[in-house]
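Listing of coords-v4.pdb, PDB, C-alpha atoms, pLDDT in the B column
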ATOM      1  CA  ASP A   1      53.386  58.808  73.361  1.00 62.00           C
ATOM      2  CA  ALA A   2      55.218  60.785  76.027  1.00 64.00           C
ATOM      3  CA  LYS A   3      53.885  60.854  79.580  1.00 85.00           C
ATOM      4  CA  THR A   4      52.938  64.091  81.309  1.00 91.00           C
ATOM      5  CA  THR A   5      53.162  65.270  84.913  1.00 93.00           C
ATOM      6  CA  GLN A   6      50.706  67.810  86.305  1.00 95.00           C
ATOM      7  CA  PRO A   7      49.985  69.050  89.816  1.00 97.00           C
ATOM      8  CA  THR A   8      46.998  67.323  91.345  1.00 96.00           C
ATOM      9  CA  SER A   9      45.204  70.523  92.276  1.00 97.00           C
ATOM     10  CA  MET A  10      45.484  74.311  92.143  1.00 97.00           C
ATOM     11  CA  ASP A  11      43.523  77.326  93.319  1.00 97.00           C
ATOM     12  CA  CYS A  12      43.177  80.661  91.572  1.00 97.00           C
ATOM     13  CA  ALA A  13      41.424  83.877  92.579  1.00 97.00           C
ATOM     14  CA  GLU A  14      38.611  84.987  90.314  1.00 97.00           C
ATOM     15  CA  GLY A  15      39.762  87.577  87.801  1.00 97.00           C
ATOM     16  CA  ARG A  16      43.418  86.619  88.105  1.00 97.00           C
ATOM     17  CA  ALA A  17      45.401  84.632  85.567  1.00 97.00           C
ATOM     18  CA  ALA A  18      45.480  80.880  86.090  1.00 98.00           C
ATOM     19  CA  ASN A  19      48.774  79.293  85.098  1.00 98.00           C
ATOM     20  CA  LEU A  20      48.629  75.513  84.811  1.00 98.00           C
ATOM     21  CA  PRO A  21      51.995  73.768  84.362  1.00 97.00           C
ATOM     22  CA  CYS A  22      52.702  70.502  82.610  1.00 96.00           C
ATOM     23  CA  ASN A  23      55.944  68.578  82.426  1.00 95.00           C
ATOM     24  CA  HIS A  24      56.583  66.385  79.379  1.00 92.00           C
ATOM     25  CA  SER A  25      60.334  65.858  79.523  1.00 91.00           C
ATOM     26  CA  THR A  26      60.295  62.811  77.212  1.00 88.00           C
ATOM     27  CA  ILE A  27      58.354  64.505  74.406  1.00 89.00           C
ATOM     28  CA  SER A  28      59.558  63.694  70.907  1.00 87.00           C
ATOM     29  CA  GLY A  29      59.865  66.051  67.984  1.00 85.00           C
ATOM     30  CA  ASN A  30      56.606  65.121  66.300  1.00 86.00           C
ATOM     31  CA  GLU A  31      54.398  65.078  69.378  1.00 88.00           C
ATOM     32  CA  TYR A  32      51.875  67.834  69.890  1.00 91.00           C
ATOM     33  CA  VAL A  33      50.834  69.242  73.262  1.00 93.00           C
ATOM     34  CA  TYR A  34      47.062  69.312  73.771  1.00 94.00           C
ATOM     35  CA  TRP A  35      44.980  70.742  76.579  1.00 96.00           C
ATOM     36  CA  TYR A  36      41.445  69.657  77.395  1.00 96.00           C
ATOM     37  CA  ARG A  37      39.278  70.472  80.372  1.00 97.00           C
ATOM     38  CA  GLN A  38      36.373  68.689  81.993  1.00 97.00           C
ATOM     39  CA  ILE A  39      33.792  70.600  83.951  1.00 96.00           C
ATOM     40  CA  HIS A  40      31.917  68.538  86.517  1.00 92.00           C
ATOM     41  CA  SER A  41      29.359  66.142  84.968  1.00 89.00           C
ATOM     42  CA  GLN A  42      30.300  67.119  81.413  1.00 93.00           C
ATOM     43  CA  GLY A  43      32.463  65.553  78.731  1.00 95.00           C
ATOM     44  CA  PRO A  44      35.987  66.884  78.130  1.00 95.00           C
ATOM     45  CA  GLN A  45      36.294  70.056  76.065  1.00 96.00           C
ATOM     46  CA  TYR A  46      39.160  70.915  73.733  1.00 94.00           C
ATOM     47  CA  ILE A  47      41.029  74.086  74.706  1.00 96.00           C
ATOM     48  CA  ILE A  48      44.173  74.480  72.630  1.00 96.00           C
ATOM     49  CA  HIS A  49      47.148  72.645  71.159  1.00 94.00           C
ATOM     50  CA  GLY A  50      50.622  73.413  69.839  1.00 94.00           C
ATOM     51  CA  LEU A  51      53.834  71.902  68.561  1.00 93.00           C
ATOM     52  CA  LYS A  52      56.672  74.370  69.054  1.00 90.00           C
ATOM     53  CA  ASN A  53      55.347  77.894  68.999  1.00 87.00           C
ATOM     54  CA  ASN A  54      53.213  79.585  71.590  1.00 94.00           C
ATOM     55  CA  GLU A  55      49.536  79.583  70.723  1.00 96.00           C
ATOM     56  CA  THR A  56      46.591  81.751  71.710  1.00 96.00           C
ATOM     57  CA  ASN A  57      42.886  81.472  71.077  1.00 96.00           C
ATOM     58  CA  GLU A  58      39.740  82.894  72.582  1.00 95.00           C
ATOM     59  CA  MET A  59      39.916  80.538  75.548  1.00 94.00           C
ATOM     60  CA  ALA A  60      43.562  80.434  76.571  1.00 97.00           C
ATOM     61  CA  SER A  61      47.239  80.761  75.741  1.00 98.00           C
ATOM     62  CA  LEU A  62      49.713  77.909  75.519  1.00 98.00           C
ATOM     63  CA  ILE A  63      53.352  78.603  76.300  1.00 97.00           C
ATOM     64  CA  ILE A  64      55.799  75.846  75.314  1.00 96.00           C
ATOM     65  CA  THR A  65      59.400  76.084  76.483  1.00 95.00           C
ATOM     66  CA  GLU A  66      62.110  76.195  73.868  1.00 94.00           C
ATOM     67  CA  ASP A  67      63.288  72.671  74.704  1.00 94.00           C
ATOM     68  CA  ARG A  68      59.610  71.559  74.640  1.00 94.00           C
ATOM     69  CA  LYS A  69      60.007  69.677  77.907  1.00 94.00           C
ATOM     70  CA  SER A  70      57.294  71.643  79.636  1.00 95.00           C
ATOM     71  CA  SER A  71      54.367  73.896  78.882  1.00 96.00           C
ATOM     72  CA  THR A  72      51.942  76.213  80.661  1.00 97.00           C
ATOM     73  CA  LEU A  73      48.293  76.785  79.956  1.00 98.00           C
ATOM     74  CA  ILE A  74      47.229  80.322  80.815  1.00 98.00           C
ATOM     75  CA  LEU A  75      43.642  81.359  81.440  1.00 98.00           C
ATOM     76  CA  PRO A  76      44.093  85.145  81.436  1.00 96.00           C
ATOM     77  CA  HIS A  77      41.132  86.129  83.609  1.00 95.00           C
ATOM     78  CA  ALA A  78      39.786  83.115  85.460  1.00 97.00           C
ATOM     79  CA  THR A  79      36.079  82.976  86.214  1.00 97.00           C
ATOM     80  CA  LEU A  80      34.115  80.616  88.428  1.00 97.00           C
ATOM     81  CA  ARG A  81      33.065  78.746  85.276  1.00 96.00           C
ATOM     82  CA  ASP A  82      36.702  77.807  84.674  1.00 97.00           C
ATOM     83  CA  THR A  83      36.623  75.493  87.708  1.00 98.00           C
ATOM     84  CA  ALA A  84      37.360  72.115  86.120  1.00 98.00           C
ATOM     85  CA  VAL A  85      39.911  69.332  85.688  1.00 97.00           C
ATOM     86  CA  TYR A  86      42.536  70.304  83.105  1.00 98.00           C
ATOM     87  CA  TYR A  87      44.307  67.593  81.143  1.00 96.00           C
ATOM     88  CA  CYS A  88      47.663  68.039  79.416  1.00 95.00           C
ATOM     89  CA  ILE A  89      48.248  65.423  76.728  1.00 91.00           C
ATOM     90  CA  VAL A  90      51.082  64.847  74.298  1.00 89.00           C
ATOM     91  CA  LYS A  91      50.563  62.718  71.246  1.00 84.00           C
ATOM     92  CA  ILE A  92      51.526  62.079  67.695  1.00 73.00           C
ATOM     93  CA  THR A  93      48.911  62.858  65.070  1.00 68.00           C
ATOM     94  CA  GLY A  94      46.908  59.691  64.517  1.00 71.00           C
ATOM     95  CA  ASN A  95      47.534  58.193  67.948  1.00 73.00           C
ATOM     96  CA  GLN A  96      44.912  58.010  70.634  1.00 78.00           C
ATOM     97  CA  PHE A  97      44.718  60.370  73.609  1.00 80.00           C
ATOM     98  CA  TYR A  98      45.977  59.309  77.043  1.00 84.00           C
ATOM     99  CA  PHE A  99      44.233  61.610  79.508  1.00 86.00           C
ATOM    100  CA  GLY A 100      45.938  60.897  82.852  1.00 85.00           C
ATOM    101  CA  THR A 101      44.401  62.377  86.013  1.00 88.00           C
ATOM    102  CA  GLY A 102      44.883  66.075  85.212  1.00 95.00           C
ATOM    103  CA  THR A 103      44.912  69.160  87.464  1.00 97.00           C
ATOM    104  CA  SER A 104      41.800  70.082  89.385  1.00 97.00           C
ATOM    105  CA  LEU A 105      41.557  73.874  89.194  1.00 98.00           C
ATOM    106  CA  THR A 106      39.321  75.684  91.662  1.00 98.00           C
ATOM    107  CA  VAL A 107      38.576  79.339  90.992  1.00 98.00           C
ATOM    108  CA  ILE A 108      37.850  81.106  94.259  1.00 97.00           C
ATOM    109  CA  PRO A 109      35.492  84.102  94.455  1.00 95.00           C
TER     110      PRO A 109
ATOM    111  CA  GLU B   1      25.804  73.114  65.255  1.00 63.00           C
ATOM    112  CA  ALA B   2      24.374  70.281  67.330  1.00 82.00           C
ATOM    113  CA  GLY B   3      26.802  68.500  69.592  1.00 94.00           C
ATOM    114  CA  VAL B   4      27.322  64.823  70.313  1.00 97.00           C
ATOM    115  CA  ALA B   5      24.170  63.299  71.740  1.00 97.00           C
ATOM    116  CA  GLN B   6      24.110  60.385  74.172  1.00 97.00           C
ATOM    117  CA  SER B   7      21.361  58.486  75.900  1.00 97.00           C
ATOM    118  CA  PRO B   8      20.449  57.581  78.494  1.00 97.00           C
ATOM    119  CA  ARG B   9      22.191  60.046  80.810  1.00 96.00           C
ATOM    120  CA  TYR B  10      21.915  57.730  83.787  1.00 97.00           C
ATOM    121  CA  LYS B  11      21.441  53.984  84.177  1.00 98.00           C
ATOM    122  CA  ILE B  12      21.300  51.768  87.241  1.00 98.00           C
ATOM    123  CA  ILE B  13      21.399  48.004  86.817  1.00 98.00           C
ATOM    124  CA  GLU B  14      22.257  44.945  88.843  1.00 97.00           C
ATOM    125  CA  LYS B  15      25.355  42.886  88.160  1.00 97.00           C
ATOM    126  CA  ARG B  16      24.964  40.253  85.459  1.00 97.00           C
ATOM    127  CA  GLN B  17      22.322  42.331  83.685  1.00 98.00           C
ATOM    128  CA  SER B  18      22.906  43.808  80.251  1.00 98.00           C
ATOM    129  CA  VAL B  19      22.862  47.463  79.232  1.00 98.00           C
ATOM    130  CA  ALA B  20      23.212  49.482  76.030  1.00 98.00           C
ATOM    131  CA  PHE B  21      24.261  53.065  75.394  1.00 98.00           C
ATOM    132  CA  TRP B  22      23.531  55.102  72.293  1.00 97.00           C
ATOM    133  CA  CYS B  23      25.555  57.868  70.650  1.00 98.00           C
ATOM    134  CA  ASN B  24      24.811  60.205  67.775  1.00 97.00           C
ATOM    135  CA  PRO B  25      27.958  62.073  66.662  1.00 96.00           C
ATOM    136  CA  ILE B  26      28.218  65.494  65.070  1.00 95.00           C
ATOM    137  CA  SER B  27      26.980  65.409  61.490  1.00 93.00           C
ATOM    138  CA  GLY B  28      29.783  64.738  59.046  1.00 91.00           C
ATOM    139  CA  HIS B  29      32.241  63.403  61.606  1.00 93.00           C
ATOM    140  CA  ALA B  30      33.743  60.202  60.279  1.00 91.00           C
ATOM    141  CA  THR B  31      35.447  59.108  63.484  1.00 92.00           C
ATOM    142  CA  LEU B  32      33.638  58.036  66.625  1.00 94.00           C
ATOM    143  CA  TYR B  33      35.131  57.078  69.974  1.00 95.00           C
ATOM    144  CA  TRP B  34      33.829  55.408  73.119  1.00 97.00           C
ATOM    145  CA  TYR B  35      35.632  56.159  76.382  1.00 96.00           C
ATOM    146  CA  GLN B  36      35.205  54.783  79.888  1.00 97.00           C
ATOM    147  CA  GLN B  37      35.815  57.166  82.792  1.00 96.00           C
ATOM    148  CA  ILE B  38      36.027  55.659  86.256  1.00 96.00           C
ATOM    149  CA  LEU B  39      35.564  58.070  89.152  1.00 94.00           C
ATOM    150  CA  GLY B  40      38.737  60.030  89.855  1.00 91.00           C
ATOM    151  CA  GLN B  41      40.454  58.979  86.637  1.00 92.00           C
ATOM    152  CA  GLY B  42      40.777  60.424  83.155  1.00 92.00           C
ATOM    153  CA  PRO B  43      38.833  58.948  80.247  1.00 93.00           C
ATOM    154  CA  LYS B  44      40.182  55.710  78.772  1.00 93.00           C
ATOM    155  CA  LEU B  45      39.590  54.853  75.111  1.00 92.00           C
ATOM    156  CA  LEU B  46      37.577  51.658  74.607  1.00 95.00           C
ATOM    157  CA  ILE B  47      37.019  51.663  70.861  1.00 94.00           C
ATOM    158  CA  GLN B  48      37.478  53.917  67.835  1.00 93.00           C
ATOM    159  CA  PHE B  49      35.478  53.727  64.604  1.00 93.00           C
ATOM    160  CA  GLN B  50      36.347  55.241  61.254  1.00 91.00           C
ATOM    161  CA  ASN B  51      33.018  55.388  59.415  1.00 89.00           C
ATOM    162  CA  ASN B  52      31.590  51.928  60.199  1.00 86.00           C
ATOM    163  CA  GLY B  53      34.920  50.135  60.574  1.00 91.00           C
ATOM    164  CA  VAL B  54      36.842  49.521  63.803  1.00 92.00           C
ATOM    165  CA  VAL B  55      40.228  51.284  63.947  1.00 90.00           C
ATOM    166  CA  ASP B  56      41.250  50.417  67.514  1.00 90.00           C
ATOM    167  CA  ASP B  57      39.522  48.186  70.048  1.00 93.00           C
ATOM    168  CA  SER B  58      42.614  47.033  71.907  1.00 91.00           C
ATOM    169  CA  GLN B  59      41.300  48.164  75.305  1.00 91.00           C
ATOM    170  CA  LEU B  60      37.758  46.884  74.876  1.00 95.00           C
ATOM    171  CA  PRO B  61      36.990  43.918  77.171  1.00 95.00           C
ATOM    172  CA  LYS B  62      35.589  41.835  74.358  1.00 95.00           C
ATOM    173  CA  ASP B  63      34.263  39.075  76.573  1.00 96.00           C
ATOM    174  CA  ARG B  64      31.523  41.399  77.808  1.00 97.00           C
ATOM    175  CA  PHE B  65      31.666  44.638  75.809  1.00 98.00           C
ATOM    176  CA  SER B  66      30.594  45.080  72.198  1.00 97.00           C
ATOM    177  CA  ALA B  67      30.060  48.101  69.993  1.00 97.00           C
ATOM    178  CA  GLU B  68      28.763  48.752  66.531  1.00 96.00           C
ATOM    179  CA  ARG B  69      28.334  51.610  64.111  1.00 95.00           C
ATOM    180  CA  LEU B  70      26.271  50.025  61.404  1.00 82.00           C
ATOM    181  CA  LYS B  71      25.673  52.890  58.954  1.00 86.00           C
ATOM    182  CA  GLY B  72      28.697  54.958  59.860  1.00 84.00           C
ATOM    183  CA  VAL B  73      26.644  57.400  61.911  1.00 92.00           C
ATOM    184  CA  ASP B  74      25.033  56.341  65.211  1.00 96.00           C
ATOM    185  CA  SER B  75      26.755  53.902  67.501  1.00 97.00           C
ATOM    186  CA  THR B  76      25.747  51.552  70.298  1.00 97.00           C
ATOM    187  CA  LEU B  77      27.935  50.252  73.123  1.00 98.00           C
ATOM    188  CA  LYS B  78      26.707  47.182  74.972  1.00 98.00           C
ATOM    189  CA  ILE B  79      27.783  45.458  78.164  1.00 98.00           C
ATOM    190  CA  GLN B  80      26.633  41.907  78.792  1.00 97.00           C
ATOM    191  CA  PRO B  81      26.854  40.769  81.553  1.00 96.00           C
ATOM    192  CA  ALA B  82      27.739  43.809  83.655  1.00 97.00           C
ATOM    193  CA  LYS B  83      30.134  43.632  86.591  1.00 97.00           C
ATOM    194  CA  LEU B  84      30.471  45.923  89.584  1.00 97.00           C
ATOM    195  CA  GLU B  85      33.722  47.350  88.193  1.00 97.00           C
ATOM    196  CA  ASP B  86      31.889  48.551  85.069  1.00 98.00           C
ATOM    197  CA  SER B  87      30.389  51.383  87.104  1.00 98.00           C
ATOM    198  CA  ALA B  88      31.670  54.475  85.304  1.00 98.00           C
ATOM    199  CA  VAL B  89      30.745  57.274  82.941  1.00 98.00           C
ATOM    200  CA  TYR B  90      30.733  56.194  79.306  1.00 98.00           C
ATOM    201  CA  LEU B  91      31.657  59.033  76.990  1.00 98.00           C
ATOM    202  CA  CYS B  92      31.160  59.198  73.265  1.00 97.00           C
ATOM    203  CA  ALA B  93      33.237  61.569  71.149  1.00 95.00           C
ATOM    204  CA  SER B  94      33.554  62.330  67.460  1.00 94.00           C
ATOM    205  CA  SER B  95      36.029  64.035  65.181  1.00 92.00           C
ATOM    206  CA  LEU B  96      36.191  64.963  61.522  1.00 88.00           C
ATOM    207  CA  GLU B  97      38.888  62.416  60.843  1.00 78.00           C
ATOM    208  CA  ALA B  98      40.904  59.768  62.634  1.00 73.00           C
ATOM    209  CA  GLY B  99      43.664  61.130  64.819  1.00 69.00           C
ATOM    210  CA  ALA B 100      42.272  64.649  64.718  1.00 70.00           C
ATOM    211  CA  GLY B 101      43.385  66.659  67.715  1.00 74.00           C
ATOM    212  CA  GLU B 102      40.021  68.144  68.430  1.00 88.00           C
ATOM    213  CA  GLN B 103      37.513  65.593  69.601  1.00 91.00           C
ATOM    214  CA  PHE B 104      34.008  66.677  70.551  1.00 94.00           C
ATOM    215  CA  PHE B 105      32.557  64.879  73.545  1.00 96.00           C
ATOM    216  CA  GLY B 106      29.000  64.133  74.526  1.00 97.00           C
ATOM    217  CA  PRO B 107      27.722  64.552  78.097  1.00 96.00           C
ATOM    218  CA  GLY B 108      28.217  60.865  78.888  1.00 97.00           C
ATOM    219  CA  THR B 109      26.118  58.110  80.421  1.00 98.00           C
ATOM    220  CA  ARG B 110      26.648  57.418  84.113  1.00 97.00           C
ATOM    221  CA  LEU B 111      26.313  53.687  84.773  1.00 98.00           C
ATOM    222  CA  THR B 112      25.914  52.295  88.261  1.00 98.00           C
ATOM    223  CA  VAL B 113      26.123  48.521  88.684  1.00 98.00           C
ATOM    224  CA  LEU B 114      24.743  47.239  91.988  1.00 97.00           C
TER     225      LEU B 114
END
Translate this file's structure into structure tokens.
Amino acid sequence: DAKTTQPTSMDCAEGRAANLPCNHSTISGNEYVYWYRQIHSQGPQYIIHGLKNNETNEMASLIITEDRKSSTLILPHATLRDTAVYYCIVKITGNQFYFGTGTSLTVIP
Amino acid sequence: EAGVAQSPRYKIIEKRQSVAFWCNPISGHATLYWYQQILGQGPKLLIQFQNNGVVDDSQLPKDRFSAERLKGVDSTLKIQPAKLEDSAVYLCASSLEAGAGEQFFGPGTRLTVL
């Protein structure tokens, strides 16, 4: 599965949109982009995933570039409860997840 | 819907002792995973079960770690004997089917080996 590159940490003001980037320049055509997050002392939580098209659900939006080499997770109105480590993962259906070290997002009051 | 249950939440043991962790997945989920998460790192898959059969245990240190899922529901992960480097959070997850993108994680068991 393709590797991903994420910033180590980011800050975001409460109420503003949080935009978390992920680079996956070696992604192949059948690999999906997944986002999970892990709040302190909890297990990871699924957020969203996509293949080619942009996706939106009640938690977030996922924007994938046309060449699929990068993506951005958008939390439209960040709250203090969104403070967590966010993992961007690319994988083929059926393969295991490789979590990496993720981006530590801190939402500031 | 009840989530993935794990126990105990915390365990402190001395090196060379043995320890066991228990996981009860979401009802109806055929696939169960055990992950190890060392402080500052992302979770690493140790073993994956499909019903009561092992699908992937390539990263399980088999000289000291063992896991079973006898009736295709609950699972137990054991470490015997424990080493200092086994200090980590052990996470259990389940999914409806193997390779499913959405895995549901339990709260984990934090193991400290002294």
Exercise. Which one is closest to Ile47 of chain A: A:Ser9, A:Thr26, A:Thr72, A:Ser61? Count only C-alpha atoms.
Worked result: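 Between A:Ser9, A:Thr26, A:Thr72, A:Ser61, the residue approaching Ile47 of chain A most closely is A:Ser61.
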For this session: Give the residues of chain B that lie within 6 Å of chain A; count all atoms listed in the file, and format the answer as a ChimeraX atom specification.
Result: /B:41-42,99,105-107
Problem set entry | Using all atoms listed in the file: which of A:Ile27, A:Val107, A:Met59, A:Ala84 has the shortest distance to Ser71 of chain A |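 Closest to Ser71 of chain A, using all atoms listed in the file: A:Ile27.
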For this session: Would you list the contacts of Thr31 of chain B as a PyMOL selection string, taking every protein, DNA or RNA residue within 6 Å and counting only C-alpha atoms, but skipping same-chain residues closer than 2 positions in sequence?
Result: chain B and resi 29+49-50+94-95+97-98
Exercise. Which residues fall under the PyMOL selection byres ((chain A and resi 5) around 10) in this file, as a VMD selection string?
Worked result: chain A and resid 3 to 4 6 to 8 21 to 25 70 87 to 89 100 to 103
Can you write out the residues you just picked, keeping C-alpha atoms, as a compact mmCIF listing (two decimals), in the frame of the given file?
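Writing done, so here's again-v4.txt:
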# COMPACT_ATOMS: atom_id res chain seq x y z
CA LYS A 3 53.88 60.85 79.58
CA THR A 4 52.94 64.09 81.31
CA GLN A 6 50.71 67.81 86.30
CA PRO A 7 49.98 69.05 89.82
CA THR A 8 47.00 67.32 91.34
CA PRO A 21 52.00 73.77 84.36
CA CYS A 22 52.70 70.50 82.61
CA ASN A 23 55.94 68.58 82.43
CA HIS A 24 56.58 66.39 79.38
CA SER A 25 60.33 65.86 79.52
CA SER A 70 57.29 71.64 79.64
CA TYR A 87 44.31 67.59 81.14
CA CYS A 88 47.66 68.04 79.42
CA ILE A 89 48.25 65.42 76.73
CA GLY A 100 45.94 60.90 82.85
CA THR A 101 44.40 62.38 86.01
CA GLY A 102 44.88 66.08 85.21
CA THR A 103 44.91 69.16 87.46
For this session: Record the distance separating atom CA of Tyr35 of chain B and atom CA of Asp57 of chain B, expressed in Å with one decimal.
Result: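 Here the two named atoms are 10.9 Å from each other.
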